[in-house]
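Notes for the one structure printed next.
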Amino acid sequence: MSYPAKILWGIVLVALAGGAIAAQFVSVPITGVEFTEHTTNAGELTSTVLVGQTFTAQHDNLSGVSVLFATYSGRPSAATVEFHLRPSIYATEDTRSVTVNTGTLNDNQLHTFSFEPIVDSADKQYFFFLTSPDGAEGKAVTVDLDTRDPYHQGSAYVVRGQGPNITHPGVLERSGKPTSDVGFALKYTVPVRQAVVQGSISQTRSFIAGWKENRTPYMYWVQSFLLAAAFLGIAAILQPTAYTWLLARMSSRTITFFGVTILVIVAALIRILYANELPITNDEGNYLYDAASIRHGIFAGGDGYVKSPLVVAWIALWQVIAGGSILASRLSSVLIGALTAIPLYFLAKHVWTSQLPESAWVPDQTQPEQKTISVGWGSRIGLLTVAVWALFGSAVVFNIYIHTQPVALFFAVGGLALLLISLRGNMRGQSWWIFVAGALVGLGVASRKSVLAIGLVPLLFILCEERSWNQRIRHLIIFGSGFIVVIALFLGVAYAAYGEQGAWEAIGYNSAEDGITSDPAEAEQVRAYSIRGMTPFFRESLPLILLSIIGLGFSLEYFLLTFITSFGKVPGAKTISRLGWLPAWAAFWWAYQFFFEYEGEAFMQWGIPLLWSAFAVVLVIAMIWPERINSNNTRWSTRRHLGAALTVPLWMLGLVVFYTNWIKFHANYISEFIVPLVLLAGFGTAAFLQRVRVRQWRSEWMPIFQNVLVGIFIVVVLWAGTVSNYITYLFEHTGTFHQGALVEAAAWARENIPADEPIFTGAAVVPYLSGHRISLDIAHPRWYAYEFTRKDTDRLNTFLPPAEEMVQAYRDAQWFLLDQQTSFSFLMEYNEIEAGLKTDWQAVKEIENGGNTLTFYRRIK
């Protein structure tokens, strides 16, 4: 046995021994009983309310209790909830106590109150209760209850209005609800061995017991698994040996053409599947009404035409081509999202071509795989990037909504790809193509202002690709000219339509000022809202997080290695270059901390907590596995390595700075962070498999070790991809209208409301589907409620009818449709509308729509 093989066997034996010790002596959290369904709630948890539950612990080391909270559809709240654990309702001293700020709670999700484990808790009874000393009506949260008595070993307790006696045993005894239970779960800290055994038994029993009732979710699991498996299958086909076999039978261009075409078609089909299921957002309704109105020569009220005119025009085109249904309209985003795969391919190919493996590997004629490792490197990474974009749930789901991002990102990615191709190649008319690239980025900004966040990336490309400052300045001017021409036309149209206010709104100045000058007193509420907007990213992007962090580590390592060796042969260069993984580990640690601090308890299942540990294992493998490096590099290649290494970090930095100064962060904004991470993920996949698949030395054991490492990678990516795809499909993170509810509402409106009578509402999507007009064609009503627009009458009146005309339209209306957006826009700040709805109107039809009931009213006086 060779010396390297002995070292590897030693590492394996130590790892096995360490695993055995850890299985017995390392403790991990597990979940005992868990009840996450509810039929009602306990009412607002104010300062005069107590909600509790008795239970019996199943195991020793009880270390947490999860409680199912509801936040009234994400209503802002900044109170404190106190958790108390006692031996019984008769005890007066706490065994454990924990507090939490209600701003961190999520709607209808479990929140875990963790505490020091109770060593001898098995088979003992306990009573937990919740209070909120500073909870106030209208700003409090509530606790979900199940009135079907799902837990027979305990019951719920609800106490109201007892003042200081709220925890008195006599009061509690009279307040029990024998047939009701709080939504809760019990947490224990047990050895790894016990956790694995119990988890396996529990999952198996649940699968068997729930087969008849859960066939549809199981089919979703299969669907999610197949998508993740398809990505790994593509990664296998794009390995050097298989790719070389393909090259022997067809040209590289043919492989690329068929590969990208098939993946674009698959991407579109998967997005259609999502588009047909997921709920509709308020913004979608607004843009649909904008597009339908402009087709009939009507300017709908709102900032849609200056904020994103290209998007409105694109939606209007699809309404003409495919019809006015929700799915037909969503095809506008589905198609442009799927087609974004094409510029993504070219951008990934040319960004990562600079980190060619032939500059990193010592040719070894005795190892055939090393002779083909660099074959089609850029093309293979491009195809892997497209596969990530086509098949992973987080990339899919954000391309289905009728929002501004799909169109904006298509132009932005297209502009960056064309710029890099123009700078890299000796193209005829190079200056013209650079100008077009700038114009494409300008079209992206005209579609969505946040595309400005990529501004440093074109500058990076020009600095790293050109050798002289004259060429850099010249190409920067040409690129900027293309950008400025488009923006000038955009601002000119906005000015012609709306005057000076239109120009300011078009460039986003007013919106940026809104964020900077927002009320500091609302900072905590804005922060809590923004955190809720960010949390879906982590559960929906698990494979993307892993692969992009791997890509970041490799790109920085390759850059450091190239930079160090450009000065000559440096001892320890390979070891020093591994310091490039430090930022990658920092990113992983931040993501890990954020996920476990803010993610809802409902998503702490399917092995997700353990999956993060598996991510760490894969990162360790990627960082420490040896690689044979050639040190013949130049300062020219160093610049290109720098450009590749900084492309995504600068892109992400621009987005972070942009949204840090925005009013608040919505979940819809996540899509803009997906594209740069997809770039890293494709490269990370190729670089990881390159590192572990090429033989470092001759040994009969080397293939075994390599297969084990590849197997670990496959299992982790398959696991992460399956879970995230399932979550994105089944757990919507945005959307306020279920499609079935909208169909029912539109059908009722067509049947009962005369076609020529407008509907006073903020739910624009319903009149759009039913063929009615909104009173005064107000498509974007929320400006009537926002303080920074409501008080800026010049700005408000430029894009919307004055508030006085809006109120008069309410007085004239015969039909009123109430939903959350209507309530926010018109009831909160206009007392006449709020009071009149109770006295002058009669509710004639209620349509269930989750927590956002659609209620039609008819005027009675």
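Each chain in the structure tokens gets a letter, A, B, ..., in the order shown, and its residues are numbered from 1; ligands are numbered from 1 in order too.
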Go through segment 524-607 of chain A residue by residue and, counting only C-alpha atoms, keep those with an atom at most 12 Å from segment 226-244 of chain A; for each kept residue give the shortest atom pair and its distance in Å to one decimal, ordered by chain and increasing number, as JSON lines.
{"residue": "A:Leu542", "atom": "CA", "partner": "A:Ala228", "partner_atom": "CA", "distance": 11.6}
{"residue": "A:Pro543", "atom": "CA", "partner": "A:Ala228", "partner_atom": "CA", "distance": 9.2}
{"residue": "A:Leu544", "atom": "CA", "partner": "A:Ala228", "partner_atom": "CA", "distance": 11.5}
Can you write just those residues out, N, CA, C and O atoms, as a JSON list (two decimals), in the first residue's frame?
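So result_1.json came out as:
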[["chain", "number", "residue", "atom", "x", "y", "z"],
["A", 542, "LEU", "N", -31.79, 25.68, -0.67],
["A", 542, "LEU", "CA", -30.78, 24.88, 0.02],
["A", 542, "LEU", "C", -29.67, 24.38, -0.91],
["A", 542, "LEU", "O", -28.49, 24.56, -0.61],
["A", 543, "PRO", "N", -29.98, 23.74, -2.05],
["A", 543, "PRO", "CA", -28.87, 23.31, -2.93],
["A", 543, "PRO", "C", -28.11, 24.49, -3.53],
["A", 543, "PRO", "O", -26.90, 24.41, -3.74],
["A", 544, "LEU", "N", -28.84, 25.57, -3.79],
["A", 544, "LEU", "CA", -28.19, 26.75, -4.37],
["A", 544, "LEU", "C", -27.21, 27.37, -3.38],
["A", 544, "LEU", "O", -26.13, 27.83, -3.76]]
Return as a PyMOL selection string the full set of residues in segment 711-827 of chain A whose backbone-based DSSP assignment is strand (DSSP E). chain A and resi 760-761+815-818
I'd like the contact shell of segment 671-686 of chain A - 8 Å cut-off, only C-alpha atoms, skipping same-chain residues fewer than 4 positions apart - returned as a VMD selection string. chain A and resid 235 344 348 352 380 to 386 388 to 389 394 to 395 398 to 399 405 409 544 to 552 554 648 651 to 652 655 690
Could you tell me, as a list of chain:residue names, which residues of segment 106-201 of chain A DSSP assigns to alpha helix (DSSP H) when given the backbone?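 In segment 106-201 of chain A, DSSP puts these residues in alpha helix (DSSP H): A:Pro169, A:Gly170, A:Val171, A:Leu172, A:Glu173, A:Arg174, A:Val192, A:Arg193, A:Gln194, A:Ala195, A:Val196, A:Val197, A:Gln198, A:Gly199, A:Ser200, A:Ile201.
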With N, CA, C and O atoms retained, write the just-selected residues as an mmCIF file, in the first residue's frame.
data_model
loop_
_atom_site.group_PDB
_atom_site.id
_atom_site.type_symbol
_atom_site.label_atom_id
_atom_site.label_comp_id
_atom_site.auth_asym_id
_atom_site.auth_seq_id
_atom_site.Cartn_x
_atom_site.Cartn_y
_atom_site.Cartn_z
ATOM 1 N N PRO A 169 -54.016 29.047 40.689
ATOM 2 C CA PRO A 169 -54.457 27.680 40.392
ATOM 3 C C PRO A 169 -55.968 27.545 40.266
ATOM 4 O O PRO A 169 -56.457 26.801 39.399
ATOM 5 N N GLY A 170 -56.709 28.236 41.124
ATOM 6 C CA GLY A 170 -58.159 28.151 41.041
ATOM 7 C C GLY A 170 -58.693 28.694 39.733
ATOM 8 O O GLY A 170 -59.620 28.133 39.132
ATOM 9 N N VAL A 171 -58.114 29.812 39.284
ATOM 10 C CA VAL A 171 -58.526 30.396 38.006
ATOM 11 C C VAL A 171 -58.175 29.469 36.855
ATOM 12 O O VAL A 171 -58.987 29.240 35.935
ATOM 13 N N LEU A 172 -56.975 28.917 36.877
ATOM 14 C CA LEU A 172 -56.552 28.004 35.818
ATOM 15 C C LEU A 172 -57.435 26.764 35.775
ATOM 16 O O LEU A 172 -57.796 26.278 34.703
ATOM 17 N N GLU A 173 -57.785 26.246 36.938
ATOM 18 C CA GLU A 173 -58.585 25.030 36.997
ATOM 19 C C GLU A 173 -59.933 25.227 36.311
ATOM 20 O O GLU A 173 -60.461 24.307 35.671
ATOM 21 N N ARG A 174 -60.495 26.442 36.426
ATOM 22 C CA ARG A 174 -61.795 26.718 35.810
ATOM 23 C C ARG A 174 -61.683 27.060 34.321
ATOM 24 O O ARG A 174 -62.700 27.168 33.640
ATOM 25 N N VAL A 192 -26.823 11.163 19.321
ATOM 26 C CA VAL A 192 -27.016 11.004 17.885
ATOM 27 C C VAL A 192 -27.582 9.628 17.558
ATOM 28 O O VAL A 192 -28.490 9.482 16.723
ATOM 29 N N ARG A 193 -27.064 8.609 18.206
ATOM 30 C CA ARG A 193 -27.524 7.240 17.940
ATOM 31 C C ARG A 193 -29.027 7.124 18.152
ATOM 32 O O ARG A 193 -29.755 6.599 17.308
ATOM 33 N N GLN A 194 -29.504 7.632 19.276
ATOM 34 C CA GLN A 194 -30.926 7.566 19.576
ATOM 35 C C GLN A 194 -31.742 8.403 18.591
ATOM 36 O O GLN A 194 -32.827 8.000 18.180
ATOM 37 N N ALA A 195 -31.206 9.544 18.204
ATOM 38 C CA ALA A 195 -31.920 10.406 17.264
ATOM 39 C C ALA A 195 -32.096 9.727 15.910
ATOM 40 O O ALA A 195 -33.166 9.795 15.301
ATOM 41 N N VAL A 196 -31.046 9.054 15.433
ATOM 42 C CA VAL A 196 -31.116 8.377 14.137
ATOM 43 C C VAL A 196 -32.122 7.242 14.175
ATOM 44 O O VAL A 196 -32.965 7.091 13.288
ATOM 45 N N VAL A 197 -32.054 6.425 15.227
ATOM 46 C CA VAL A 197 -32.964 5.272 15.331
ATOM 47 C C VAL A 197 -34.411 5.730 15.436
ATOM 48 O O VAL A 197 -35.295 5.263 14.707
ATOM 49 N N GLN A 198 -34.667 6.674 16.357
ATOM 50 C CA GLN A 198 -36.035 7.136 16.546
ATOM 51 C C GLN A 198 -36.557 7.869 15.318
ATOM 52 O O GLN A 198 -37.728 7.743 14.961
ATOM 53 N N GLY A 199 -35.690 8.649 14.687
ATOM 54 C CA GLY A 199 -36.111 9.357 13.486
ATOM 55 C C GLY A 199 -36.486 8.403 12.366
ATOM 56 O O GLY A 199 -37.485 8.606 11.675
ATOM 57 N N SER A 200 -35.708 7.363 12.174
ATOM 58 C CA SER A 200 -35.993 6.383 11.125
ATOM 59 C C SER A 200 -37.308 5.663 11.394
ATOM 60 O O SER A 200 -38.142 5.491 10.492
ATOM 61 N N ILE A 201 -37.509 5.256 12.639
ATOM 62 C CA ILE A 201 -38.750 4.560 12.998
ATOM 63 C C ILE A 201 -39.953 5.473 12.808
ATOM 64 O O ILE A 201 -40.981 5.082 12.249
#
Nearest-residue call for Leu491 of chain A, choices A:Leu420, A:Leu105, A:Ile270, A:Leu443, using only C-alpha atoms: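 Looking only at the distances to Leu491 of chain A, the closest residue turns out to be A:Leu443.
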Just want the 8 Å neighbourhood of Pro458 of chain A, counted on only C-alpha atoms, with same-chain residues fewer than 3 positions away dropped. Output as a PDB file with all heavy atoms, in the first residue's frame.
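This went into out.pdb:
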ATOM      1  N   LEU A 416     -24.920  41.881 -19.781  1.00  0.00           N
ATOM      2  CA  LEU A 416     -23.623  41.471 -19.226  1.00  0.00           C
ATOM      3  C   LEU A 416     -22.959  40.421 -20.101  1.00  0.00           C
ATOM      4  O   LEU A 416     -21.743  40.460 -20.335  1.00  0.00           O
ATOM      5  CB  LEU A 416     -23.822  40.936 -17.805  1.00  0.00           C
ATOM      6  CG  LEU A 416     -24.243  41.953 -16.735  1.00  0.00           C
ATOM      7  CD1 LEU A 416     -24.438  41.259 -15.402  1.00  0.00           C
ATOM      8  CD2 LEU A 416     -23.204  43.063 -16.609  1.00  0.00           C
ATOM      9  N   LEU A 419     -21.650  42.008 -23.313  1.00  0.00           N
ATOM     10  CA  LEU A 419     -20.472  42.826 -23.033  1.00  0.00           C
ATOM     11  C   LEU A 419     -19.226  41.952 -22.903  1.00  0.00           C
ATOM     12  O   LEU A 419     -18.182  42.247 -23.500  1.00  0.00           O
ATOM     13  CB  LEU A 419     -20.683  43.633 -21.755  1.00  0.00           C
ATOM     14  CG  LEU A 419     -19.465  44.416 -21.256  1.00  0.00           C
ATOM     15  CD1 LEU A 419     -19.050  45.469 -22.270  1.00  0.00           C
ATOM     16  CD2 LEU A 419     -19.754  45.053 -19.904  1.00  0.00           C
ATOM     17  N   ILE A 454     -26.223  46.210 -10.487  1.00  0.00           N
ATOM     18  CA  ILE A 454     -25.148  45.470 -11.164  1.00  0.00           C
ATOM     19  C   ILE A 454     -24.103  46.410 -11.749  1.00  0.00           C
ATOM     20  O   ILE A 454     -23.180  45.958 -12.433  1.00  0.00           O
ATOM     21  CB  ILE A 454     -25.700  44.568 -12.295  1.00  0.00           C
ATOM     22  CG1 ILE A 454     -26.178  45.435 -13.476  1.00  0.00           C
ATOM     23  CG2 ILE A 454     -26.811  43.675 -11.787  1.00  0.00           C
ATOM     24  CD1 ILE A 454     -26.490  44.646 -14.717  1.00  0.00           C
ATOM     25  N   GLY A 455     -24.214  47.692 -11.470  1.00  0.00           N
ATOM     26  CA  GLY A 455     -23.366  48.683 -12.127  1.00  0.00           C
ATOM     27  C   GLY A 455     -21.875  48.428 -12.043  1.00  0.00           C
ATOM     28  O   GLY A 455     -21.123  48.767 -12.966  1.00  0.00           O
ATOM     29  N   PHE A 461     -15.698  44.006 -15.668  1.00  0.00           N
ATOM     30  CA  PHE A 461     -15.385  43.314 -16.921  1.00  0.00           C
ATOM     31  C   PHE A 461     -14.430  44.141 -17.780  1.00  0.00           C
ATOM     32  O   PHE A 461     -13.431  43.623 -18.316  1.00  0.00           O
ATOM     33  CB  PHE A 461     -16.664  43.035 -17.711  1.00  0.00           C
ATOM     34  CG  PHE A 461     -17.521  41.938 -17.134  1.00  0.00           C
ATOM     35  CD1 PHE A 461     -18.800  41.724 -17.611  1.00  0.00           C
ATOM     36  CD2 PHE A 461     -17.056  41.123 -16.117  1.00  0.00           C
ATOM     37  CE1 PHE A 461     -19.599  40.720 -17.099  1.00  0.00           C
ATOM     38  CE2 PHE A 461     -17.845  40.111 -15.587  1.00  0.00           C
ATOM     39  CZ  PHE A 461     -19.123  39.913 -16.080  1.00  0.00           C
ATOM     40  N   ILE A 462     -14.728  45.413 -17.928  1.00  0.00           N
ATOM     41  CA  ILE A 462     -13.898  46.269 -18.782  1.00  0.00           C
ATOM     42  C   ILE A 462     -12.496  46.430 -18.204  1.00  0.00           C
ATOM     43  O   ILE A 462     -11.499  46.376 -18.929  1.00  0.00           O
ATOM     44  CB  ILE A 462     -14.588  47.637 -18.973  1.00  0.00           C
ATOM     45  CG1 ILE A 462     -15.871  47.465 -19.794  1.00  0.00           C
ATOM     46  CG2 ILE A 462     -13.654  48.632 -19.646  1.00  0.00           C
ATOM     47  CD1 ILE A 462     -16.735  48.709 -19.875  1.00  0.00           C
TER      48      ILE A 462
END
For Leu459 of chain A, which of A:Ala587, A:Ile477, A:Ile484, A:Val716 is the closest residue, counting only C-alpha atoms?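 That would be A:Ile477, the residue with the smallest distance to Leu459 of chain A.
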One decimal place gives the atom CA of Gly438 of chain A-atom CA of Ser481 of chain A separation as 7.1 Å
